[in-house]
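Student: Sharing protein_10.txt here; it has compact mmCIF, C-alpha atoms.
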```txt
# COMPACT_ATOMS: atom_id res chain seq x y z
CA MET C 24 66.94 0.34 -106.25
CA LEU C 25 64.68 -2.05 -108.16
CA GLN C 26 63.51 -1.04 -111.62
CA SER C 27 59.89 -0.14 -112.35
CA PHE C 28 59.80 -1.63 -115.86
CA TYR C 29 61.77 -3.43 -118.56
CA LYS C 30 59.92 -1.96 -121.55
CA GLU C 31 58.51 1.47 -120.84
CA THR C 32 55.74 1.42 -123.45
CA LEU C 33 54.22 -1.98 -122.59
CA ILE C 34 51.94 -3.27 -119.85
CA GLU C 35 54.20 -5.67 -117.97
CA ALA C 36 53.42 -8.44 -115.53
CA GLY C 37 56.10 -9.74 -113.20
CA LEU C 38 55.96 -13.45 -112.34
CA ASP C 39 57.54 -15.57 -109.65
CA GLU C 40 56.82 -18.76 -107.75
CA ALA C 41 57.23 -20.14 -104.25
CA GLY C 42 57.66 -23.67 -102.98
CA ARG C 43 59.78 -25.39 -105.61
CA GLY C 44 62.19 -26.86 -103.08
CA CYS C 45 59.57 -28.05 -100.61
CA LEU C 46 58.81 -31.66 -99.71
CA SER C 47 55.11 -30.94 -99.23
CA GLY C 48 52.34 -28.68 -100.42
CA PRO C 49 51.64 -27.06 -103.79
CA VAL C 50 53.86 -24.82 -105.84
CA VAL C 51 52.39 -21.32 -105.97
CA ALA C 52 52.91 -18.61 -108.59
CA SER C 53 51.85 -14.99 -108.77
CA ALA C 54 51.55 -12.48 -111.59
CA VAL C 55 51.56 -8.76 -110.73
CA ILE C 56 51.01 -5.67 -112.87
CA LEU C 57 52.15 -2.51 -111.10
CA PRO C 58 51.64 1.10 -112.22
CA LYS C 59 54.32 2.07 -114.76
CA TYR C 60 56.51 4.31 -112.58
CA TYR C 61 55.70 2.59 -109.30
CA GLN C 62 58.21 2.93 -106.48
CA HIS C 63 58.33 1.43 -103.01
CA ARG C 64 61.30 1.85 -100.73
CA LEU C 65 60.94 -1.55 -99.01
CA LEU C 66 59.88 -3.75 -101.92
CA ASN C 67 62.55 -6.38 -102.58
CA ASP C 68 63.05 -10.10 -103.16
CA SER C 69 60.87 -11.92 -100.61
CA LYS C 70 63.85 -13.98 -99.42
CA GLN C 71 65.59 -10.76 -98.29
CA LEU C 72 62.67 -9.70 -96.09
CA THR C 73 61.34 -10.68 -92.70
CA LYS C 74 57.92 -12.27 -92.36
CA LYS C 75 56.57 -9.03 -90.89
CA GLN C 76 57.95 -7.00 -93.82
CA ARG C 77 56.42 -9.44 -96.32
CA GLU C 78 53.04 -9.18 -94.59
CA THR C 79 53.16 -5.37 -94.68
CA LEU C 80 54.26 -5.38 -98.32
CA ARG C 81 51.51 -7.82 -99.28
CA VAL C 82 48.93 -5.26 -98.16
CA ASP C 83 50.68 -2.50 -100.12
CA ILE C 84 50.99 -4.63 -103.28
CA ILE C 85 47.33 -5.68 -103.21
CA ARG C 86 46.32 -2.04 -102.69
CA ASP C 87 48.63 -0.58 -105.35
CA ALA C 88 48.70 -3.20 -108.12
CA LEU C 89 46.70 -2.60 -111.27
CA ALA C 90 46.11 -6.35 -111.33
CA TYR C 91 47.45 -9.44 -109.57
CA GLU C 92 46.63 -13.12 -109.43
CA ILE C 93 47.85 -16.19 -107.59
CA ALA C 94 47.64 -19.79 -108.80
CA GLU C 95 48.77 -23.11 -107.42
CA VAL C 96 49.55 -26.59 -108.71
CA SER C 97 49.01 -29.45 -106.26
CA ASN C 98 51.61 -31.82 -104.89
CA GLN C 99 49.85 -34.65 -106.76
CA GLU C 100 50.28 -32.86 -110.09
CA ILE C 101 53.89 -32.01 -109.21
CA ASP C 102 54.45 -35.77 -108.84
CA GLU C 103 52.79 -36.38 -112.21
CA ILE C 104 54.51 -33.73 -114.36
CA ASN C 105 57.62 -32.70 -112.27
CA ILE C 106 58.30 -29.52 -110.33
CA LEU C 107 59.69 -27.47 -113.21
CA LYS C 108 56.63 -28.07 -115.40
CA ALA C 109 54.34 -27.53 -112.41
CA SER C 110 56.02 -24.18 -111.61
CA MET C 111 55.61 -23.04 -115.21
CA LYS C 112 52.00 -24.23 -115.26
CA ALA C 113 51.26 -22.25 -112.09
CA MET C 114 52.70 -19.13 -113.74
CA HIS C 115 50.56 -19.69 -116.85
CA LEU C 116 47.48 -20.15 -114.67
CA ALA C 117 48.20 -16.88 -112.85
CA ILE C 118 48.49 -15.06 -116.19
CA ASP C 119 45.23 -16.65 -117.38
CA LYS C 120 43.40 -15.15 -114.40
CA LEU C 121 44.67 -11.56 -114.74
CA MET C 122 41.91 -9.00 -115.29
CA ILE C 123 44.29 -6.85 -117.37
CA ARG C 124 46.04 -8.55 -120.27
CA PRO C 125 49.78 -7.88 -120.11
CA GLU C 126 51.77 -7.07 -123.24
CA HIS C 127 55.06 -8.36 -121.85
CA LEU C 128 55.98 -10.84 -119.12
CA LEU C 129 58.96 -10.56 -116.79
CA ILE C 130 59.87 -14.00 -115.48
CA ASP C 131 62.09 -14.68 -112.50
CA GLY C 132 64.53 -17.33 -113.69
CA ASN C 133 66.18 -18.57 -116.84
CA ARG C 134 63.44 -20.46 -118.65
CA PHE C 135 59.76 -20.17 -119.42
CA PRO C 136 57.51 -21.96 -121.92
CA ILE C 137 55.99 -19.47 -124.33
CA TYR C 138 52.67 -18.03 -123.23
CA PRO C 139 50.43 -17.59 -126.29
CA LEU C 140 50.67 -14.14 -127.91
CA ILE C 141 52.57 -12.47 -125.06
CA PRO C 142 56.36 -12.08 -125.35
CA HIS C 143 58.45 -12.65 -122.26
CA THR C 144 61.89 -11.95 -120.85
CA CYS C 145 63.55 -14.28 -118.35
CA ILE C 146 65.66 -12.52 -115.74
CA VAL C 147 67.92 -14.48 -113.40
CA LYS C 148 67.44 -13.11 -109.87
CA GLY C 149 64.71 -10.92 -111.32
CA ASP C 150 63.05 -10.62 -107.91
CA SER C 151 66.02 -8.49 -106.81
CA LYS C 152 65.98 -6.39 -110.02
CA PHE C 153 62.38 -5.56 -110.93
CA LEU C 154 59.57 -4.37 -108.67
CA SER C 155 56.84 -6.38 -110.38
CA ILE C 156 58.78 -9.64 -109.98
CA ALA C 157 59.58 -8.80 -106.35
CA ALA C 158 55.88 -8.11 -105.77
CA ALA C 159 54.97 -11.45 -107.36
CA SER C 160 57.52 -13.24 -105.17
CA ILE C 161 55.98 -11.69 -102.04
CA LEU C 162 52.40 -12.55 -102.99
CA ALA C 163 53.34 -16.13 -103.90
CA LYS C 164 55.36 -16.66 -100.72
CA THR C 165 52.87 -15.13 -98.29
CA TYR C 166 49.97 -17.03 -99.88
CA ARG C 167 51.88 -20.31 -99.71
CA ASP C 168 53.11 -19.70 -96.16
CA ASP C 169 49.52 -19.07 -95.03
CA LEU C 170 48.38 -22.24 -96.77
CA MET C 171 51.08 -24.33 -95.09
CA GLU C 172 50.30 -22.79 -91.68
CA ASN C 173 46.68 -23.87 -92.12
CA LEU C 174 47.72 -27.40 -93.15
CA ALA C 175 49.99 -27.53 -90.08
CA LYS C 176 46.90 -27.41 -87.85
CA ASP C 177 46.05 -30.94 -89.00
CA PHE C 178 49.68 -32.13 -89.22
CA PRO C 179 51.53 -30.29 -86.41
CA GLU C 180 54.37 -32.80 -86.11
CA TYR C 181 55.95 -31.70 -89.43
CA GLY C 182 56.55 -28.09 -88.38
CA TRP C 183 55.00 -26.59 -91.50
CA GLN C 184 54.00 -23.46 -89.59
CA GLN C 185 57.74 -22.70 -89.35
CA ASN C 186 59.32 -24.50 -92.33
CA ALA C 187 56.47 -24.12 -94.89
CA GLY C 188 57.22 -27.65 -96.12
CA TYR C 189 60.92 -27.10 -96.81
CA PRO C 190 63.29 -29.97 -95.95
CA THR C 191 64.36 -28.91 -92.46
CA LEU C 192 65.71 -31.44 -89.99
CA LYS C 193 62.42 -31.35 -88.03
CA HIS C 194 60.44 -32.03 -91.21
CA ARG C 195 62.69 -34.90 -92.31
CA ASN C 196 62.64 -36.45 -88.81
CA ALA C 197 58.83 -36.25 -88.72
CA ILE C 198 58.65 -38.07 -92.06
CA LYS C 199 60.89 -40.82 -90.63
CA GLU C 200 58.75 -41.10 -87.51
CA PHE C 201 55.21 -40.54 -88.86
CA GLY C 202 55.54 -41.24 -92.60
CA VAL C 203 54.23 -39.03 -95.39
CA THR C 204 50.87 -37.24 -95.60
CA ILE C 205 48.51 -36.62 -98.49
CA HIS C 206 50.29 -33.28 -98.89
CA HIS C 207 53.78 -34.68 -99.50
CA ARG C 208 55.40 -34.86 -102.91
CA LEU C 209 56.03 -38.56 -103.28
CA THR C 210 58.60 -38.24 -106.08
CA TYR C 211 60.91 -36.19 -103.82
CA ARG C 212 63.78 -37.69 -101.83
CA PHE C 213 63.02 -37.43 -98.14
CA GLU C 214 66.36 -38.77 -96.88
CA ARG C 215 69.56 -36.73 -96.75
```
Just give me the structure of the file as structure tokens.
Tutor:
Amino acid sequence: MLQSFYKETLIEAGLDEAGRGCLSGPVVASAVILPKYYQHRLLNDSKQLTKKQRETLRVDIIRDALAYEIAEVSNQEIDEINILKASMKAMHLAIDKLMIRPEHLLIDGNRFPIYPLIPHTCIVKGDSKFLSIAAASILAKTYRDDLMENLAKDFPEYGWQQNAGYPTLKHRNAIKEFGVTIHHRLTYRFER
């Protein structure tokens, strides 16, 4: 079972991102503050869940969270500053927007640039260990998946409604046939 908190006495925000490995679209991050002893029997790492489960959980998280925010960094900025910096920037932007100021940040991963005046703990595979990080992973992924589905209406040949911009064979073949769009990350390798 996932843990409700890392430090019992502090207001904690869990953070995660979606879309780092994609060839197109923004990187999206979410910050979520859950009630201290929150429990949810289905809440888990978004990658372990079906689309239907993620959609159901998104509703529960939005309803139950004390605060949550989502932020994105565009594919153009990813090309300018690189995906790692863009992912970290998206997390910082999500924290900036929170209506409740956290006292501690739980970060999915192994690195994070210091956020001013708020200590943090990096947790590898944190989205399978802490509820707030799992919740952030679900909000980031569902938001980004919706965004890519909407973009797919104008660019149906790339299959974004199914692959969300990840480098599937269909996506790579469409790039070979039709070229790149304004939504592609131009510093990424398209060939494999």
Student: Considering only C-alpha atoms, state which residue in the set C:Leu128, C:Val50, C:Ala88, C:Leu154 is at the smallest distance from C:Ser27.
Tutor: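 Under the stated criterion, the closest residue is C:Leu154.
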Student: Between C:Tyr29, C:Tyr181, C:Tyr138, C:Tyr211, which residue has the minimum interatomic distance to C:Ala113, considering only C-alpha atoms?
Tutor: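 Result for the nearest residue to C:Ala113: C:Tyr138.
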Student: Excluding same-chain residues fewer than 2 positions from C:Ala159, what lies within 6 Å of it counting all atoms listed in the file, as a list in words?
Tutor: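 My list of contacting residues is Leu38, Asp39, Ser53, Ala54, Val55, Ile156, Ala157, Ile161 and Leu162 of chain C.
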Student: What gap, in Å, lies between atom CA of C:Ser155 and atom CA of C:Leu89?
Tutor: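 So the two atoms, atom CA of C:Ser155 and atom CA of C:Leu89, lie 10.9 Å apart.
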Student: Which residue is closest to C:Ile84? Choose from C:Met111, C:Ile34, C:Ala158, C:Met171 and count only C-alpha atoms.
Tutor: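 Of all the options, C:Ala158 lies closest to C:Ile84.
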Student: Would you compute the distance between atom CA of C:Ala175 and atom CA of C:Ser97? Give it in Å to one decimal.
Tutor: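 Computing the Euclidean distance for atom CA of C:Ala175 and atom CA of C:Ser97 yields 16.3 Å.
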Student: For a quick check of understanding, using only C-alpha atoms, which of C:Arg64, C:Arg167, C:His127, C:Arg43 has the smallest distance to C:Ala109?
Tutor: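 Among C:Arg64, C:Arg167, C:His127, C:Arg43, it is C:Arg43 that comes nearest to C:Ala109.
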Student: I'd like to know which of C:Arg81, C:Lys120, C:Arg134, C:Arg195 is closest to C:Lys108, using only C-alpha atoms.
Tutor: C:Arg134
Student: Check the smallest atom-to-atom distance from each of C:Pro49, C:Pro139, C:Gly149, C:Gly132 to C:Ile118 using all atoms listed in the file, then report the winner.
Tutor: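 Closest to C:Ile118 of all the choices is C:Pro139.
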Student: Taking the partial coordinates given, rebuild stretch 144-173 of chain C to contain N, CA and C atoms; return it as a PDB file, keeping the file's coordinate frame.
Tutor:
```pdb
ATOM      1  N   THR C 144      60.465 -12.056-121.097  1.00  0.00           N
ATOM      2  CA  THR C 144      61.890 -11.950-120.850  1.00  0.00           C
ATOM      3  C   THR C 144      62.185 -12.657-119.537  1.00  0.00           C
ATOM      4  N   CYS C 145      63.123 -13.594-119.562  1.00  0.00           N
ATOM      5  CA  CYS C 145      63.550 -14.280-118.350  1.00  0.00           C
ATOM      6  C   CYS C 145      64.709 -13.497-117.734  1.00  0.00           C
ATOM      7  N   ILE C 146      64.645 -13.303-116.436  1.00  0.00           N
ATOM      8  CA  ILE C 146      65.660 -12.520-115.740  1.00  0.00           C
ATOM      9  C   ILE C 146      66.118 -13.303-114.511  1.00  0.00           C
ATOM     10  N   VAL C 147      67.359 -13.770-114.545  1.00  0.00           N
ATOM     11  CA  VAL C 147      67.920 -14.480-113.400  1.00  0.00           C
ATOM     12  C   VAL C 147      68.006 -13.506-112.228  1.00  0.00           C
ATOM     13  N   LYS C 148      67.533 -13.960-111.073  1.00  0.00           N
ATOM     14  CA  LYS C 148      67.440 -13.110-109.870  1.00  0.00           C
ATOM     15  C   LYS C 148      66.594 -11.857-110.139  1.00  0.00           C
ATOM     16  N   GLY C 149      65.584 -12.031-110.963  1.00  0.00           N
ATOM     17  CA  GLY C 149      64.710 -10.920-111.320  1.00  0.00           C
ATOM     18  C   GLY C 149      63.964 -10.325-110.150  1.00  0.00           C
ATOM     19  N   ASP C 150      63.752 -11.134-109.091  1.00  0.00           N
ATOM     20  CA  ASP C 150      63.050 -10.620-107.910  1.00  0.00           C
ATOM     21  C   ASP C 150      63.898  -9.633-107.123  1.00  0.00           C
ATOM     22  N   SER C 151      65.173  -9.515-107.443  1.00  0.00           N
ATOM     23  CA  SER C 151      66.020  -8.490-106.810  1.00  0.00           C
ATOM     24  C   SER C 151      66.376  -7.386-107.803  1.00  0.00           C
ATOM     25  N   LYS C 152      65.696  -7.395-108.982  1.00  0.00           N
ATOM     26  CA  LYS C 152      65.980  -6.390-110.020  1.00  0.00           C
ATOM     27  C   LYS C 152      64.756  -5.589-110.446  1.00  0.00           C
ATOM     28  N   PHE C 153      63.587  -6.221-110.440  1.00  0.00           N
ATOM     29  CA  PHE C 153      62.380  -5.560-110.930  1.00  0.00           C
ATOM     30  C   PHE C 153      61.275  -5.607-109.875  1.00  0.00           C
ATOM     31  N   LEU C 154      60.616  -4.478-109.681  1.00  0.00           N
ATOM     32  CA  LEU C 154      59.570  -4.370-108.670  1.00  0.00           C
ATOM     33  C   LEU C 154      58.426  -5.337-108.885  1.00  0.00           C
ATOM     34  N   SER C 155      57.994  -5.501-110.138  1.00  0.00           N
ATOM     35  CA  SER C 155      56.840  -6.380-110.380  1.00  0.00           C
ATOM     36  C   SER C 155      57.161  -7.833-110.066  1.00  0.00           C
ATOM     37  N   ILE C 156      58.397  -8.264-110.324  1.00  0.00           N
ATOM     38  CA  ILE C 156      58.780  -9.640-109.980  1.00  0.00           C
ATOM     39  C   ILE C 156      58.898  -9.769-108.464  1.00  0.00           C
ATOM     40  N   ALA C 157      59.482  -8.780-107.810  1.00  0.00           N
ATOM     41  CA  ALA C 157      59.580  -8.800-106.350  1.00  0.00           C
ATOM     42  C   ALA C 157      58.182  -8.868-105.727  1.00  0.00           C
ATOM     43  N   ALA C 158      57.256  -8.098-106.275  1.00  0.00           N
ATOM     44  CA  ALA C 158      55.880  -8.110-105.770  1.00  0.00           C
ATOM     45  C   ALA C 158      55.257  -9.494-105.959  1.00  0.00           C
ATOM     46  N   ALA C 159      55.493 -10.105-107.119  1.00  0.00           N
ATOM     47  CA  ALA C 159      54.970 -11.450-107.360  1.00  0.00           C
ATOM     48  C   ALA C 159      55.584 -12.454-106.389  1.00  0.00           C
ATOM     49  N   SER C 160      56.877 -12.307-106.098  1.00  0.00           N
ATOM     50  CA  SER C 160      57.520 -13.240-105.170  1.00  0.00           C
ATOM     51  C   SER C 160      56.905 -13.115-103.774  1.00  0.00           C
ATOM     52  N   ILE C 161      56.581 -11.906-103.365  1.00  0.00           N
ATOM     53  CA  ILE C 161      55.980 -11.690-102.040  1.00  0.00           C
ATOM     54  C   ILE C 161      54.567 -12.265-101.978  1.00  0.00           C
ATOM     55  N   LEU C 162      53.768 -12.016-103.006  1.00  0.00           N
ATOM     56  CA  LEU C 162      52.400 -12.550-102.990  1.00  0.00           C
ATOM     57  C   LEU C 162      52.401 -14.071-103.023  1.00  0.00           C
ATOM     58  N   ALA C 163      53.284 -14.670-103.831  1.00  0.00           N
ATOM     59  CA  ALA C 163      53.340 -16.130-103.900  1.00  0.00           C
ATOM     60  C   ALA C 163      53.795 -16.708-102.562  1.00  0.00           C
ATOM     61  N   LYS C 164      54.824 -16.127-101.981  1.00  0.00           N
ATOM     62  CA  LYS C 164      55.360 -16.660-100.720  1.00  0.00           C
ATOM     63  C   LYS C 164      54.379 -16.493 -99.564  1.00  0.00           C
ATOM     64  N   THR C 165      53.781 -15.331 -99.412  1.00  0.00           N
ATOM     65  CA  THR C 165      52.870 -15.130 -98.290  1.00  0.00           C
ATOM     66  C   THR C 165      51.627 -16.013 -98.420  1.00  0.00           C
ATOM     67  N   TYR C 166      51.122 -16.156 -99.644  1.00  0.00           N
ATOM     68  CA  TYR C 166      49.970 -17.030 -99.880  1.00  0.00           C
ATOM     69  C   TYR C 166      50.321 -18.467 -99.495  1.00  0.00           C
ATOM     70  N   ARG C 167      51.482 -18.930 -99.971  1.00  0.00           N
ATOM     71  CA  ARG C 167      51.880 -20.310 -99.710  1.00  0.00           C
ATOM     72  C   ARG C 167      52.182 -20.535 -98.218  1.00  0.00           C
ATOM     73  N   ASP C 168      52.835 -19.571 -97.599  1.00  0.00           N
ATOM     74  CA  ASP C 168      53.110 -19.700 -96.160  1.00  0.00           C
ATOM     75  C   ASP C 168      51.819 -19.810 -95.356  1.00  0.00           C
ATOM     76  N   ASP C 169      50.830 -18.994 -95.704  1.00  0.00           N
ATOM     77  CA  ASP C 169      49.520 -19.070 -95.030  1.00  0.00           C
ATOM     78  C   ASP C 169      48.885 -20.443 -95.227  1.00  0.00           C
ATOM     79  N   LEU C 170      48.952 -20.942 -96.460  1.00  0.00           N
ATOM     80  CA  LEU C 170      48.380 -22.240 -96.770  1.00  0.00           C
ATOM     81  C   LEU C 170      49.041 -23.337 -95.941  1.00  0.00           C
ATOM     82  N   MET C 171      50.370 -23.300 -95.856  1.00  0.00           N
ATOM     83  CA  MET C 171      51.080 -24.330 -95.090  1.00  0.00           C
ATOM     84  C   MET C 171      50.818 -24.192 -93.591  1.00  0.00           C
ATOM     85  N   GLU C 172      50.660 -22.975 -93.092  1.00  0.00           N
ATOM     86  CA  GLU C 172      50.300 -22.790 -91.680  1.00  0.00           C
ATOM     87  C   GLU C 172      48.941 -23.416 -91.384  1.00  0.00           C
ATOM     88  N   ASN C 173      48.006 -23.263 -92.309  1.00  0.00           N
ATOM     89  CA  ASN C 173      46.680 -23.870 -92.120  1.00  0.00           C
ATOM     90  C   ASN C 173      46.759 -25.388 -92.160  1.00  0.00           C
TER      91      ASN C 173
END
```
